[in-house]
>>> print(open('query_0.cif').read())   # mmCIF, C-alpha atoms and all ligand atoms
data_start
loop_
_atom_site.label_atom_id
_atom_site.label_comp_id
_atom_site.auth_asym_id
_atom_site.auth_seq_id
_atom_site.Cartn_x
_atom_site.Cartn_y
_atom_site.Cartn_z
CA PRO B 1 -11.28 -61.16 17.68
CA TYR B 2 -14.98 -61.91 18.24
CA PRO B 3 -15.35 -61.10 21.96
CA PHE B 4 -13.53 -57.85 21.19
CA TYR B 5 -16.00 -57.05 18.40
CA ASP B 6 -18.90 -57.79 20.77
CA GLU B 7 -17.46 -55.37 23.26
CA MET B 8 -17.10 -52.69 20.61
CA ARG B 9 -20.60 -53.34 19.29
CA SER B 10 -21.98 -52.87 22.78
CA MET B 11 -20.68 -49.28 22.64
CA GLY B 12 -22.62 -48.69 19.41
CA PRO B 13 -22.55 -49.89 15.79
CA LEU B 14 -20.23 -47.00 14.95
CA TYR B 15 -17.88 -45.78 17.61
CA LYS B 16 -15.10 -43.23 17.68
CA LEU B 17 -11.84 -44.15 19.36
CA ASP B 18 -9.11 -41.63 19.94
CA SER B 19 -6.26 -44.04 20.05
CA PHE B 20 -6.58 -47.80 19.76
CA PRO B 21 -5.07 -49.07 17.51
CA TYR B 22 -5.43 -45.99 15.32
CA PRO B 23 -7.67 -43.01 15.91
CA GLY B 24 -10.91 -43.06 13.94
CA TRP B 25 -14.41 -44.50 13.67
CA TYR B 26 -14.78 -48.25 14.14
CA VAL B 27 -17.85 -49.67 12.43
CA THR B 28 -19.15 -53.00 13.72
CA GLY B 29 -22.88 -52.92 12.80
CA TYR B 30 -23.95 -54.78 9.65
CA GLU B 31 -26.22 -52.03 8.32
CA GLU B 32 -23.68 -49.32 9.12
CA VAL B 33 -20.85 -51.20 7.39
CA LYS B 34 -23.02 -51.57 4.31
CA LYS B 35 -23.93 -47.89 4.40
CA VAL B 36 -20.30 -46.78 4.58
CA LEU B 37 -19.26 -49.08 1.73
CA LEU B 38 -22.13 -47.83 -0.46
CA ASP B 39 -21.51 -44.14 0.21
CA THR B 40 -18.82 -42.93 -2.17
CA ARG B 41 -18.22 -39.86 -0.02
CA PHE B 42 -16.25 -42.33 2.06
CA LYS B 43 -13.19 -42.63 -0.13
CA ASN B 44 -10.98 -45.63 -0.39
CA ARG B 45 -7.52 -44.94 0.81
CA ILE B 46 -4.24 -46.64 1.59
CA PRO B 47 -4.99 -47.83 5.13
CA LEU B 48 -1.73 -46.88 6.76
CA PRO B 49 0.33 -44.55 4.62
CA LEU B 50 3.97 -45.56 4.63
CA THR B 51 6.27 -42.87 5.86
CA SER B 52 9.67 -44.51 5.59
CA LYS B 53 11.75 -43.40 2.61
CA LYS B 54 12.56 -47.04 1.98
CA TYR B 55 9.00 -47.56 0.87
CA GLU B 56 8.89 -44.80 -1.74
CA ARG B 57 8.59 -47.29 -4.60
CA LEU B 58 5.92 -49.36 -2.91
CA LYS B 59 3.91 -46.24 -2.07
CA GLU B 60 4.09 -45.15 -5.65
CA VAL B 61 2.75 -48.52 -6.77
CA GLN B 62 0.00 -48.58 -4.12
CA ASN B 63 -1.14 -45.16 -5.30
CA HIS B 64 -1.98 -46.70 -8.66
CA MET B 65 -3.94 -49.71 -7.38
CA MET B 66 -7.66 -49.69 -8.19
CA LEU B 67 -8.36 -50.60 -4.57
CA PHE B 68 -7.14 -47.16 -3.51
CA LYS B 69 -8.67 -45.22 -6.41
CA ASN B 70 -12.02 -43.52 -6.62
CA GLU B 71 -14.49 -42.49 -9.34
CA LEU B 72 -13.22 -42.36 -12.92
CA ASP B 73 -9.75 -43.84 -12.41
CA HIS B 74 -11.26 -46.62 -10.34
CA ARG B 75 -13.89 -47.39 -12.96
CA ARG B 76 -11.33 -47.48 -15.77
CA LEU B 77 -8.85 -49.74 -13.91
CA ARG B 78 -11.56 -52.07 -12.66
CA GLY B 79 -13.16 -52.27 -16.10
CA LEU B 80 -9.89 -53.41 -17.66
CA ALA B 81 -9.11 -55.98 -14.98
CA SER B 82 -12.60 -57.46 -14.79
CA ALA B 83 -12.13 -58.95 -18.28
CA ALA B 84 -9.88 -61.45 -16.52
CA PHE B 85 -12.69 -62.83 -14.37
CA VAL B 86 -15.44 -63.45 -16.91
CA PRO B 87 -17.02 -66.94 -16.76
CA SER B 88 -15.20 -68.23 -19.86
CA LYS B 89 -11.80 -67.47 -18.28
CA LEU B 90 -12.84 -69.05 -15.00
CA LYS B 91 -14.04 -72.19 -16.77
CA HIS B 92 -10.65 -72.50 -18.36
CA ILE B 93 -8.82 -72.30 -15.02
CA ARG B 94 -11.17 -74.79 -13.29
CA TYR B 95 -9.32 -77.78 -14.76
CA TYR B 96 -5.99 -76.40 -13.64
CA ILE B 97 -7.33 -75.97 -10.08
CA GLU B 98 -8.57 -79.58 -10.00
CA GLU B 99 -5.36 -80.97 -11.42
CA THR B 100 -3.20 -78.94 -9.02
CA ALA B 101 -5.28 -79.96 -5.99
CA HIS B 102 -4.83 -83.64 -6.91
CA ASP B 103 -1.09 -83.20 -7.49
CA LEU B 104 -0.63 -81.59 -4.09
CA LEU B 105 -2.57 -84.34 -2.34
CA ASN B 106 -0.59 -87.01 -4.19
CA GLN B 107 2.56 -85.52 -2.70
CA ALA B 108 1.13 -85.19 0.81
CA GLU B 109 -0.36 -88.68 0.78
CA GLN B 110 3.07 -90.27 0.88
CA LYS B 111 3.68 -88.83 4.34
CA ASN B 112 0.10 -89.26 5.56
CA LYS B 113 0.21 -85.79 7.08
CA MET B 114 0.34 -82.24 5.88
CA ASP B 115 0.15 -78.65 6.93
CA VAL B 116 -3.02 -77.50 5.18
CA VAL B 117 -1.65 -73.97 4.87
CA SER B 118 1.78 -74.56 3.39
CA ASP B 119 1.24 -77.91 1.66
CA TYR B 120 -2.20 -77.35 0.15
CA ALA B 121 -3.97 -73.98 0.37
CA PHE B 122 -0.97 -71.79 -0.25
CA PRO B 123 0.58 -73.64 -3.21
CA LEU B 124 -2.86 -74.12 -4.77
CA ALA B 125 -3.93 -70.47 -4.57
CA SER B 126 -0.57 -69.09 -5.60
CA LEU B 127 -0.09 -71.48 -8.50
CA VAL B 128 -3.54 -70.57 -9.79
CA ILE B 129 -3.11 -66.80 -9.65
CA ALA B 130 0.46 -67.04 -10.94
CA LYS B 131 -0.73 -69.03 -13.91
CA MET B 132 -3.51 -66.53 -14.60
CA ILE B 133 -1.15 -63.57 -14.36
CA GLY B 134 1.53 -65.29 -16.44
CA VAL B 135 4.35 -65.88 -13.95
CA PRO B 136 6.64 -68.70 -15.13
CA VAL B 137 6.39 -71.91 -13.08
CA VAL B 138 9.92 -71.76 -11.67
CA GLU B 139 9.36 -68.37 -10.05
CA ARG B 140 6.08 -69.26 -8.39
CA PRO B 141 7.52 -70.42 -5.03
CA LEU B 142 8.82 -66.88 -4.47
CA PHE B 143 5.25 -65.70 -4.11
CA ARG B 144 4.93 -66.63 -0.48
CA GLU B 145 7.81 -64.47 0.71
CA TRP B 146 6.72 -61.58 -1.46
CA SER B 147 3.17 -61.64 -0.35
CA ALA B 148 4.08 -62.03 3.35
CA SER B 149 6.22 -58.88 3.06
CA LEU B 150 3.44 -56.90 1.45
CA ILE B 151 0.83 -58.03 3.95
CA ARG B 152 3.07 -56.98 6.83
CA THR B 153 3.28 -53.46 5.46
CA ILE B 154 -0.47 -52.99 5.29
CA ASP B 155 -1.71 -54.77 8.40
CA PHE B 156 -2.37 -52.78 11.59
CA THR B 157 0.09 -54.89 13.51
CA ARG B 158 3.07 -53.71 11.53
CA THR B 159 5.64 -52.30 13.85
CA ARG B 160 8.06 -49.43 13.54
CA HIS B 161 10.70 -52.11 13.51
CA ILE B 162 9.31 -53.75 10.38
CA LEU B 163 9.14 -50.44 8.62
CA ALA B 164 12.46 -49.10 9.82
CA SER B 165 14.25 -52.21 8.68
CA GLY B 166 13.03 -51.51 5.19
CA ASP B 167 12.16 -54.43 3.04
CA GLU B 168 14.37 -55.55 0.26
CA THR B 169 11.92 -58.19 -0.81
CA ILE B 170 9.58 -55.50 -2.01
CA GLY B 171 12.26 -53.99 -4.24
CA VAL B 172 13.01 -57.43 -5.67
CA LEU B 173 9.32 -58.02 -6.30
CA LEU B 174 8.79 -54.72 -8.08
CA ASP B 175 11.87 -55.27 -10.27
CA TYR B 176 10.76 -58.79 -11.04
CA PHE B 177 7.30 -57.71 -12.21
CA GLN B 178 8.69 -54.83 -14.23
CA ARG B 179 11.00 -57.25 -16.08
CA LEU B 180 8.15 -59.68 -16.63
CA ILE B 181 5.97 -56.91 -18.08
CA ASN B 182 8.77 -55.89 -20.45
CA LYS B 183 9.16 -59.49 -21.55
CA LYS B 184 5.44 -59.84 -22.29
CA LYS B 185 5.57 -56.66 -24.31
CA ARG B 186 8.11 -58.30 -26.59
CA ALA B 187 6.42 -61.70 -26.65
CA PRO B 188 2.79 -61.68 -25.45
CA LYS B 189 1.22 -64.96 -24.35
CA ASP B 190 -2.26 -66.02 -23.28
CA ASP B 191 -2.22 -64.51 -19.79
CA LEU B 192 -3.30 -61.45 -17.86
CA ILE B 193 -0.11 -59.43 -18.15
CA SER B 194 -0.17 -59.90 -21.91
CA MET B 195 -3.82 -58.87 -21.97
CA PHE B 196 -3.02 -55.68 -20.02
CA VAL B 197 0.01 -54.95 -22.18
CA LYS B 198 -2.23 -55.01 -25.25
CA GLN B 199 -4.42 -52.38 -23.57
CA ASP B 200 -1.47 -50.14 -22.78
CA SER B 201 -3.08 -47.12 -24.38
CA GLU B 202 -5.49 -47.11 -21.45
CA LEU B 203 -3.06 -48.13 -18.73
CA SER B 204 0.05 -46.23 -17.70
CA GLU B 205 3.26 -48.14 -16.94
CA LYS B 206 2.73 -47.64 -13.24
CA GLU B 207 -0.88 -48.74 -13.39
CA LEU B 208 0.14 -51.87 -15.22
CA LEU B 209 2.65 -52.76 -12.52
CA ALA B 210 0.20 -51.85 -9.74
CA THR B 211 -2.58 -53.98 -11.24
CA CYS B 212 -0.36 -57.06 -11.53
CA ILE B 213 0.83 -56.72 -7.96
CA LEU B 214 -2.65 -56.07 -6.59
CA LEU B 215 -4.02 -59.17 -8.31
CA MET B 216 -1.11 -61.21 -7.06
CA ILE B 217 -1.60 -60.30 -3.41
CA ALA B 218 -5.38 -59.99 -3.34
CA GLY B 219 -5.58 -63.11 -5.47
CA HIS B 220 -4.01 -65.53 -3.12
CA GLU B 221 -3.44 -64.36 0.43
CA THR B 222 -7.15 -64.27 1.19
CA THR B 223 -7.94 -67.41 -0.79
CA VAL B 224 -5.34 -69.32 1.23
CA ASN B 225 -7.14 -68.15 4.34
CA LEU B 226 -10.54 -69.17 3.04
CA ILE B 227 -9.39 -72.70 2.20
CA SER B 228 -7.49 -73.19 5.47
CA ASN B 229 -10.22 -71.65 7.62
CA THR B 230 -12.77 -73.96 5.97
CA VAL B 231 -10.76 -77.06 6.83
CA LEU B 232 -10.37 -75.95 10.45
CA VAL B 233 -14.02 -74.99 10.90
CA LEU B 234 -15.21 -78.28 9.41
CA LEU B 235 -12.87 -80.37 11.55
CA ASN B 236 -14.17 -78.51 14.58
CA HIS B 237 -17.76 -79.33 13.56
CA PRO B 238 -17.65 -83.11 12.96
CA VAL B 239 -21.40 -83.57 12.46
CA GLN B 240 -21.51 -80.96 9.70
CA TYR B 241 -18.26 -82.31 8.27
CA LYS B 242 -19.86 -85.71 7.89
CA ALA B 243 -23.04 -84.24 6.42
CA LEU B 244 -20.98 -82.42 3.82
CA GLN B 245 -19.16 -85.62 2.89
CA GLU B 246 -22.48 -87.36 2.44
CA ASN B 247 -24.00 -84.50 0.49
CA PRO B 248 -21.34 -82.65 -1.53
CA ALA B 249 -23.99 -80.30 -2.95
CA LEU B 250 -23.84 -78.47 0.38
CA ILE B 251 -20.39 -77.16 -0.51
CA GLU B 252 -21.72 -73.83 -1.84
CA THR B 253 -23.56 -72.81 1.32
CA ALA B 254 -20.75 -74.25 3.45
CA ILE B 255 -18.14 -71.97 1.84
CA GLU B 256 -20.48 -68.96 2.16
CA GLU B 257 -20.87 -69.72 5.84
CA VAL B 258 -17.09 -69.91 6.37
CA LEU B 259 -16.80 -66.56 4.58
CA ARG B 260 -19.23 -65.16 7.14
CA TYR B 261 -18.05 -67.03 10.23
CA GLU B 262 -14.27 -66.71 9.74
CA SER B 263 -14.02 -63.89 7.19
CA PRO B 264 -10.56 -63.96 5.59
CA THR B 265 -10.53 -60.15 5.29
CA GLN B 266 -11.57 -58.78 8.65
CA MET B 267 -11.41 -55.10 7.91
CA THR B 268 -11.06 -52.38 5.34
CA ALA B 269 -10.75 -48.62 5.65
CA ARG B 270 -12.16 -45.41 4.24
CA VAL B 271 -11.72 -41.68 4.78
CA ALA B 272 -14.59 -39.14 4.87
CA SER B 273 -14.30 -36.59 2.05
CA GLU B 274 -16.84 -34.29 3.75
CA ASP B 275 -18.86 -34.18 6.97
CA ILE B 276 -21.24 -37.15 6.83
CA LYS B 277 -24.17 -37.85 9.15
CA MET B 278 -24.40 -41.45 10.26
CA GLY B 279 -27.38 -41.98 12.58
CA GLU B 280 -26.81 -39.66 15.51
CA SER B 281 -23.12 -39.15 14.77
CA ILE B 282 -21.30 -36.81 12.41
CA VAL B 283 -18.21 -38.29 10.79
CA GLN B 284 -16.08 -35.27 10.06
CA LYS B 285 -14.23 -34.55 6.87
CA GLY B 286 -10.82 -36.24 7.03
CA ASP B 287 -11.86 -38.74 9.71
CA HIS B 288 -10.66 -42.29 9.20
CA VAL B 289 -13.27 -45.01 9.19
CA TYR B 290 -12.32 -48.62 9.93
CA VAL B 291 -14.89 -51.00 8.55
CA LEU B 292 -14.91 -54.26 10.50
CA LEU B 293 -16.29 -56.79 8.02
CA GLY B 294 -15.64 -59.66 10.43
CA ALA B 295 -17.79 -57.93 13.07
CA ALA B 296 -20.61 -57.06 10.65
CA ASN B 297 -20.74 -60.71 9.62
CA ARG B 298 -21.41 -61.68 13.24
CA ASP B 299 -23.91 -58.92 13.96
CA PRO B 300 -26.75 -60.60 15.90
CA GLU B 301 -29.20 -57.97 14.58
CA LYS B 302 -28.64 -59.36 11.09
CA PHE B 303 -27.76 -63.03 11.56
CA ALA B 304 -29.70 -65.36 13.83
CA LYS B 305 -27.28 -67.26 16.09
CA ALA B 306 -24.48 -65.22 14.58
CA ASP B 307 -21.78 -67.03 16.55
CA VAL B 308 -22.95 -70.44 15.42
CA PHE B 309 -21.51 -72.10 12.31
CA ASP B 310 -24.37 -73.45 10.22
CA MET B 311 -23.30 -74.63 6.80
CA THR B 312 -26.87 -74.71 5.52
CA ARG B 313 -27.49 -71.03 6.37
CA LYS B 314 -29.51 -69.44 3.59
CA PRO B 315 -29.83 -66.60 2.76
CA ASN B 316 -26.38 -65.57 3.87
CA PRO B 317 -25.82 -61.95 2.85
CA HIS B 318 -22.35 -61.68 4.42
CA LEU B 319 -20.00 -58.85 3.53
CA ALA B 320 -16.79 -60.88 3.36
CA PHE B 321 -16.05 -59.64 -0.17
CA GLY B 322 -16.98 -56.06 0.66
CA HIS B 323 -19.91 -54.21 -0.92
CA GLY B 324 -20.54 -51.47 -3.46
CA VAL B 325 -18.13 -50.26 -6.13
CA HIS B 326 -15.07 -51.97 -4.65
CA PHE B 327 -16.80 -55.35 -4.23
CA CYS B 328 -14.12 -58.02 -4.67
CA ILE B 329 -13.38 -58.56 -8.32
CA GLY B 330 -12.09 -62.08 -7.64
CA ALA B 331 -15.05 -63.33 -5.60
CA SER B 332 -16.14 -65.96 -8.16
CA LEU B 333 -12.61 -67.22 -8.55
CA ALA B 334 -12.12 -67.44 -4.79
CA ARG B 335 -15.41 -69.28 -4.34
CA MET B 336 -14.62 -71.72 -7.12
CA GLU B 337 -11.12 -72.41 -5.80
CA ALA B 338 -12.32 -73.03 -2.27
CA GLN B 339 -15.21 -75.24 -3.36
CA ILE B 340 -12.94 -77.40 -5.52
CA ALA B 341 -10.13 -77.56 -2.94
CA ILE B 342 -12.45 -78.69 -0.15
CA GLN B 343 -14.44 -81.12 -2.26
CA ILE B 344 -11.34 -82.89 -3.52
CA LEU B 345 -9.81 -82.98 -0.04
CA LEU B 346 -12.94 -84.51 1.52
CA GLN B 347 -13.40 -87.04 -1.27
CA ARG B 348 -9.83 -88.25 -1.15
CA MET B 349 -9.18 -88.06 2.60
CA PRO B 350 -12.39 -89.15 4.34
CA GLY B 351 -10.49 -89.83 7.58
CA LEU B 352 -8.91 -86.38 7.75
CA ARG B 353 -8.34 -85.16 11.32
CA LEU B 354 -6.43 -82.52 13.25
CA SER B 355 -2.98 -83.60 14.35
CA ASP B 356 -1.83 -83.19 17.95
CA SER B 357 -0.01 -79.93 17.32
CA LYS B 358 -2.36 -77.00 17.59
CA PRO B 359 -3.35 -74.84 14.63
CA ARG B 360 -1.88 -71.36 14.93
CA TRP B 361 -3.32 -68.00 13.92
CA ARG B 362 -1.04 -65.31 12.54
CA LYS B 363 -0.88 -62.17 14.60
CA LEU B 364 -2.69 -59.96 12.12
CA ILE B 365 -5.70 -57.75 12.71
CA GLY B 366 -6.95 -57.14 9.19
CA PHE B 367 -6.86 -60.78 8.14
CA ARG B 368 -8.10 -64.01 9.72
CA SER B 369 -5.18 -66.10 8.78
CA LEU B 370 -3.76 -69.41 10.01
CA SER B 371 0.00 -69.78 9.95
CA GLU B 372 -0.18 -73.55 10.41
CA LEU B 373 -2.87 -76.20 10.29
CA PRO B 374 -1.30 -79.65 10.73
CA VAL B 375 -3.57 -82.58 9.85
CA ILE B 376 -3.36 -86.36 9.58
CA LEU B 377 -4.71 -87.55 6.24
CA ARG B 378 -5.85 -91.08 7.04
CA SER B 379 -6.72 -92.30 10.49
C1 LIG T 1 -11.43 -56.23 -3.27
C2 LIG T 1 -11.95 -59.82 -0.09
C3 LIG T 1 -10.14 -63.00 -3.30
C4 LIG T 1 -8.98 -59.28 -6.15
C5 LIG T 1 -11.78 -56.95 -2.17
C6 LIG T 1 -12.48 -56.41 -1.03
C7 LIG T 1 -12.61 -57.41 -0.13
C8 LIG T 1 -12.01 -58.59 -0.70
C9 LIG T 1 -13.24 -57.33 1.23
C10 LIG T 1 -13.03 -54.98 -0.88
C11 LIG T 1 -12.05 -54.08 -0.22
C12 LIG T 1 -12.64 -52.71 0.01
O1 LIG T 1 -13.78 -52.41 -0.36
O2 LIG T 1 -11.91 -51.89 0.59
C13 LIG T 1 -11.50 -60.98 -0.69
C14 LIG T 1 -11.60 -62.30 -0.10
C15 LIG T 1 -11.08 -63.19 -1.01
C16 LIG T 1 -10.67 -62.44 -2.17
C17 LIG T 1 -12.16 -62.58 1.28
C18 LIG T 1 -10.92 -64.68 -0.93
C19 LIG T 1 -11.55 -65.45 -0.12
C20 LIG T 1 -9.72 -62.29 -4.38
C21 LIG T 1 -9.16 -62.85 -5.58
C22 LIG T 1 -8.80 -61.78 -6.37
C23 LIG T 1 -9.17 -60.57 -5.69
C24 LIG T 1 -9.01 -64.34 -5.88
C25 LIG T 1 -8.16 -61.75 -7.72
C26 LIG T 1 -7.58 -62.69 -8.32
C27 LIG T 1 -9.53 -58.15 -5.60
C28 LIG T 1 -9.38 -56.82 -6.17
C29 LIG T 1 -10.09 -55.95 -5.35
C30 LIG T 1 -10.66 -56.75 -4.28
C31 LIG T 1 -8.61 -56.47 -7.43
C32 LIG T 1 -10.26 -54.44 -5.54
C33 LIG T 1 -11.53 -54.16 -6.27
C34 LIG T 1 -11.78 -52.67 -6.43
O3 LIG T 1 -11.10 -51.86 -5.80
O4 LIG T 1 -12.67 -52.33 -7.21
N1 LIG T 1 -11.51 -58.30 -1.96
N2 LIG T 1 -10.93 -61.10 -1.93
N3 LIG T 1 -9.73 -60.91 -4.47
N4 LIG T 1 -10.29 -58.08 -4.46
FE1 LIG T 1 -10.70 -59.60 -3.25
#
>>> encode(input="query_0.cif", output="structure tokens", more="lines below")
Ligand code: HEM
Amino acid sequence: PYPFYDEMRSMGPLYKLDSFPYPGWYVTGYEEVKKVLLDTRFKNRIPLPLTSKKYERLKEVQNHMMLFKNELDHRRLRGLASAAFVPSKLKHIRYYIEETAHDLLNQAEQKNKMDVVSDYAFPLASLVIAKMIGVPVVERPLFREWSASLIRTIDFTRTRHILASGDETIGVLLDYFQRLINKKKRAPKDDLISMFVKQDSELSEKELLATCILLMIAGHETTVNLISNTVLVLLNHPVQYKALQENPALIETAIEEVLRYESPTQMTARVASEDIKMGESIVQKGDHVYVLLGAANRDPEKFAKADVFDMTRKPNPHLAFGHGVHFCIGASLARMEAQIAIQILLQRMPGLRLSDSKPRWRKLIGFRSLSELPVILRS
């Protein structure tokens, strides 16, 4: 996507397109992206409203997600969910992340090869969020299919065909979560759903369902990408890879640099609630604004040698987790997961290398996401 972003940036940090891929303002400049995300007159919205009747239930759920809410409703929903990400809760989950990472590598070690995406990053991130939410272990493998279906409905690349075919998986997912919520109401446990159920005076039934589903998708799809992208970037930069092995303390800045250099979430969207002046341009009420986080993070006006991966880069004020009131609620969890996953992988597999089959990127626009990353564990 990067040469394309450069081309767009050369037309201006904020540029209106009448067609491709959707009509609206495309924001590529770092300062402009920050400005849009800080200005609450740019409202958060469902990026591509679903029109098919088959998606009525999903639309209803999306309408209750904090990500697509503004002002008071947003503040209330976010306030309730943020209790899940306080340091004491994260400390608790740290051991589970470590243990799961080791288990997954024990399994892969027997074959001496693995696909980083499906054998490591995906199971790790989904097991962690499923445990936090309170999904029973046996159901956790279903997550991948569910989340792939949801991602397809929100990404720009979705086709009429995908939508017209409807998506039964989404119905199954919604029913599943509704049943799980009902079960936790009868017998609460020490997990997020139970915590939300106890707060049901402040959360409607639909909000409860929407919050669980939002955390499930947001909580692992992007984290999978962060872990997989980190492995690929490091293997493509052998000198830095070695330096990181020799000095594990560099892991924090290394993960921040991957967040900037290969941002898992490449774009988000807003809609102008009134006419808004941005530099020389007027964004008109009702205009759609596509915020290209991946482009802002490579803006040469902000980052020296923006196209160069430098794992010691500091400061690194990237916008990979967004900015302002919708700043990612799971940022600390995602950082912790990625740091642990990479550290354990490098410690245990010092000879890790790319296998002969090429890594493949998924054909998505909003996400920087590998579909496969085959590696050999020991040379
Ligand atoms: C919001 C990225 C991991 C939950 C966001 C936003 C971005 C983002 C860019 C802002 C969207 C906007 O302003 O329109 C990422 C990345 C992740 C990650 C790159 C991993 C590398 C997580 C995790 C969770 C999570 C682990 C939860 C378990 C959320 C939620 C919101 C959000 C609930 C909405 C916050 C709000 O509307 O106030 N994330 N995220 N994310 N993220 Fe993440």
>>> residues_around(input="query_0.cif", residues="Tyr261 of chain B", least_positions_apart="3", cutoff="8 Å", atoms="all atoms listed in the file", output="list in words")
Glu257, Val258, Gly294, Asn297, Arg298, Ala306, Asp307, Val308 and Phe309 of chain B
>>> atom_distance(input="query_0.cif", atom1="atom N1 of ligand LIG 1 (chain T)", atom2="atom CA of Ala125 of chain B")
14.6 Å
>>> closest_atom_pairs(input="query_0.cif", of="chain B", to="ligand LIG 1 (chain T)", cutoff="8 Å", atoms="all atoms listed in the file", output="CSV")
residue,atom,partner,partner_atom,distance
B:Leu37,CA,T:LIG1,O1,6.7
B:Asn44,CA,T:LIG1,O2,6.4
B:Met65,CA,T:LIG1,O3,7.6
B:Met66,CA,T:LIG1,O3,4.7
B:Leu67,CA,T:LIG1,O3,3.3
B:Phe68,CA,T:LIG1,O3,6.6
B:Lys69,CA,T:LIG1,O3,7.1
B:His74,CA,T:LIG1,O4,6.7
B:Arg75,CA,T:LIG1,O4,7.7
B:Arg78,CA,T:LIG1,O4,5.6
B:Ala81,CA,T:LIG1,C31,7.6
B:Phe85,CA,T:LIG1,C26,7.9
B:Ile129,CA,T:LIG1,C26,6.2
B:Thr211,CA,T:LIG1,C31,7.6
B:Leu214,CA,T:LIG1,C31,6.0
B:Leu215,CA,T:LIG1,C25,4.9
B:Met216,CA,T:LIG1,C26,6.8
B:Ile217,CA,T:LIG1,C23,7.9
B:Ala218,CA,T:LIG1,C23,4.5
B:Gly219,CA,T:LIG1,C26,3.5
B:His220,CA,T:LIG1,C24,5.8
B:Glu221,CA,T:LIG1,C18,7.6
B:Thr222,CA,T:LIG1,C18,4.3
B:Thr223,CA,T:LIG1,C18,4.0
B:Val224,CA,T:LIG1,C19,7.4
B:Asn225,CA,T:LIG1,C19,6.8
B:Leu226,CA,T:LIG1,C19,5.0
B:Ile227,CA,T:LIG1,C19,7.9
B:Leu259,CA,T:LIG1,C17,6.9
B:Ser263,CA,T:LIG1,C17,6.3
B:Pro264,CA,T:LIG1,C17,4.8
B:Thr265,CA,T:LIG1,C17,5.0
B:Gln266,CA,T:LIG1,C9,7.7
B:Met267,CA,T:LIG1,C9,7.3
B:Thr268,CA,T:LIG1,O2,4.9
B:Ala269,CA,T:LIG1,O2,6.1
B:Arg270,CA,T:LIG1,O2,7.4
B:Leu293,CA,T:LIG1,C9,7.5
B:Leu319,CA,T:LIG1,C9,7.3
B:Ala320,CA,T:LIG1,C17,5.4
B:Phe321,CA,T:LIG1,C9,3.9
B:Gly322,CA,T:LIG1,C9,4.0
B:His323,CA,T:LIG1,O1,6.4
B:Gly324,CA,T:LIG1,O1,7.5
B:Val325,CA,T:LIG1,O4,5.9
B:His326,CA,T:LIG1,O4,3.5
B:Phe327,CA,T:LIG1,C10,5.1
B:Cys328,CA,T:LIG1,C1,3.5
B:Ile329,CA,T:LIG1,C27,4.7
B:Gly330,CA,T:LIG1,C22,3.5
B:Ala331,CA,T:LIG1,C3,5.4
B:Ser332,CA,T:LIG1,C24,7.7
B:Leu333,CA,T:LIG1,C24,5.3
B:Ala334,CA,T:LIG1,C24,4.5
B:Arg335,CA,T:LIG1,C19,6.9
B:Ala338,CA,T:LIG1,C19,7.9
>>> write_last_selection(input="query_0.cif", atoms="C-alpha atoms", output="short mmCIF file (atom, residue, chain, number, x, y, z; two decimals), in the coordinates of the input")
data_model
loop_
_atom_site.label_atom_id
_atom_site.label_comp_id
_atom_site.auth_asym_id
_atom_site.auth_seq_id
_atom_site.Cartn_x
_atom_site.Cartn_y
_atom_site.Cartn_z
CA LEU B 37 -19.26 -49.08 1.73
CA ASN B 44 -10.98 -45.63 -0.39
CA MET B 65 -3.94 -49.71 -7.38
CA MET B 66 -7.66 -49.69 -8.19
CA LEU B 67 -8.36 -50.60 -4.57
CA PHE B 68 -7.14 -47.16 -3.51
CA LYS B 69 -8.67 -45.22 -6.41
CA HIS B 74 -11.26 -46.62 -10.34
CA ARG B 75 -13.89 -47.39 -12.96
CA ARG B 78 -11.56 -52.07 -12.66
CA ALA B 81 -9.11 -55.98 -14.98
CA PHE B 85 -12.69 -62.83 -14.37
CA ILE B 129 -3.11 -66.80 -9.65
CA THR B 211 -2.58 -53.98 -11.24
CA LEU B 214 -2.65 -56.07 -6.59
CA LEU B 215 -4.02 -59.17 -8.31
CA MET B 216 -1.11 -61.21 -7.06
CA ILE B 217 -1.60 -60.30 -3.41
CA ALA B 218 -5.38 -59.99 -3.34
CA GLY B 219 -5.58 -63.11 -5.47
CA HIS B 220 -4.01 -65.53 -3.12
CA GLU B 221 -3.44 -64.36 0.43
CA THR B 222 -7.15 -64.27 1.19
CA THR B 223 -7.94 -67.41 -0.79
CA VAL B 224 -5.34 -69.32 1.23
CA ASN B 225 -7.14 -68.15 4.34
CA LEU B 226 -10.54 -69.17 3.04
CA ILE B 227 -9.39 -72.70 2.20
CA LEU B 259 -16.80 -66.56 4.58
CA SER B 263 -14.02 -63.89 7.19
CA PRO B 264 -10.56 -63.96 5.59
CA THR B 265 -10.53 -60.15 5.29
CA GLN B 266 -11.57 -58.78 8.65
CA MET B 267 -11.41 -55.10 7.91
CA THR B 268 -11.06 -52.38 5.34
CA ALA B 269 -10.75 -48.62 5.65
CA ARG B 270 -12.16 -45.41 4.24
CA LEU B 293 -16.29 -56.79 8.02
CA LEU B 319 -20.00 -58.85 3.53
CA ALA B 320 -16.79 -60.88 3.36
CA PHE B 321 -16.05 -59.64 -0.17
CA GLY B 322 -16.98 -56.06 0.66
CA HIS B 323 -19.91 -54.21 -0.92
CA GLY B 324 -20.54 -51.47 -3.46
CA VAL B 325 -18.13 -50.26 -6.13
CA HIS B 326 -15.07 -51.97 -4.65
CA PHE B 327 -16.80 -55.35 -4.23
CA CYS B 328 -14.12 -58.02 -4.67
CA ILE B 329 -13.38 -58.56 -8.32
CA GLY B 330 -12.09 -62.08 -7.64
CA ALA B 331 -15.05 -63.33 -5.60
CA SER B 332 -16.14 -65.96 -8.16
CA LEU B 333 -12.61 -67.22 -8.55
CA ALA B 334 -12.12 -67.44 -4.79
CA ARG B 335 -15.41 -69.28 -4.34
CA ALA B 338 -12.32 -73.03 -2.27
#
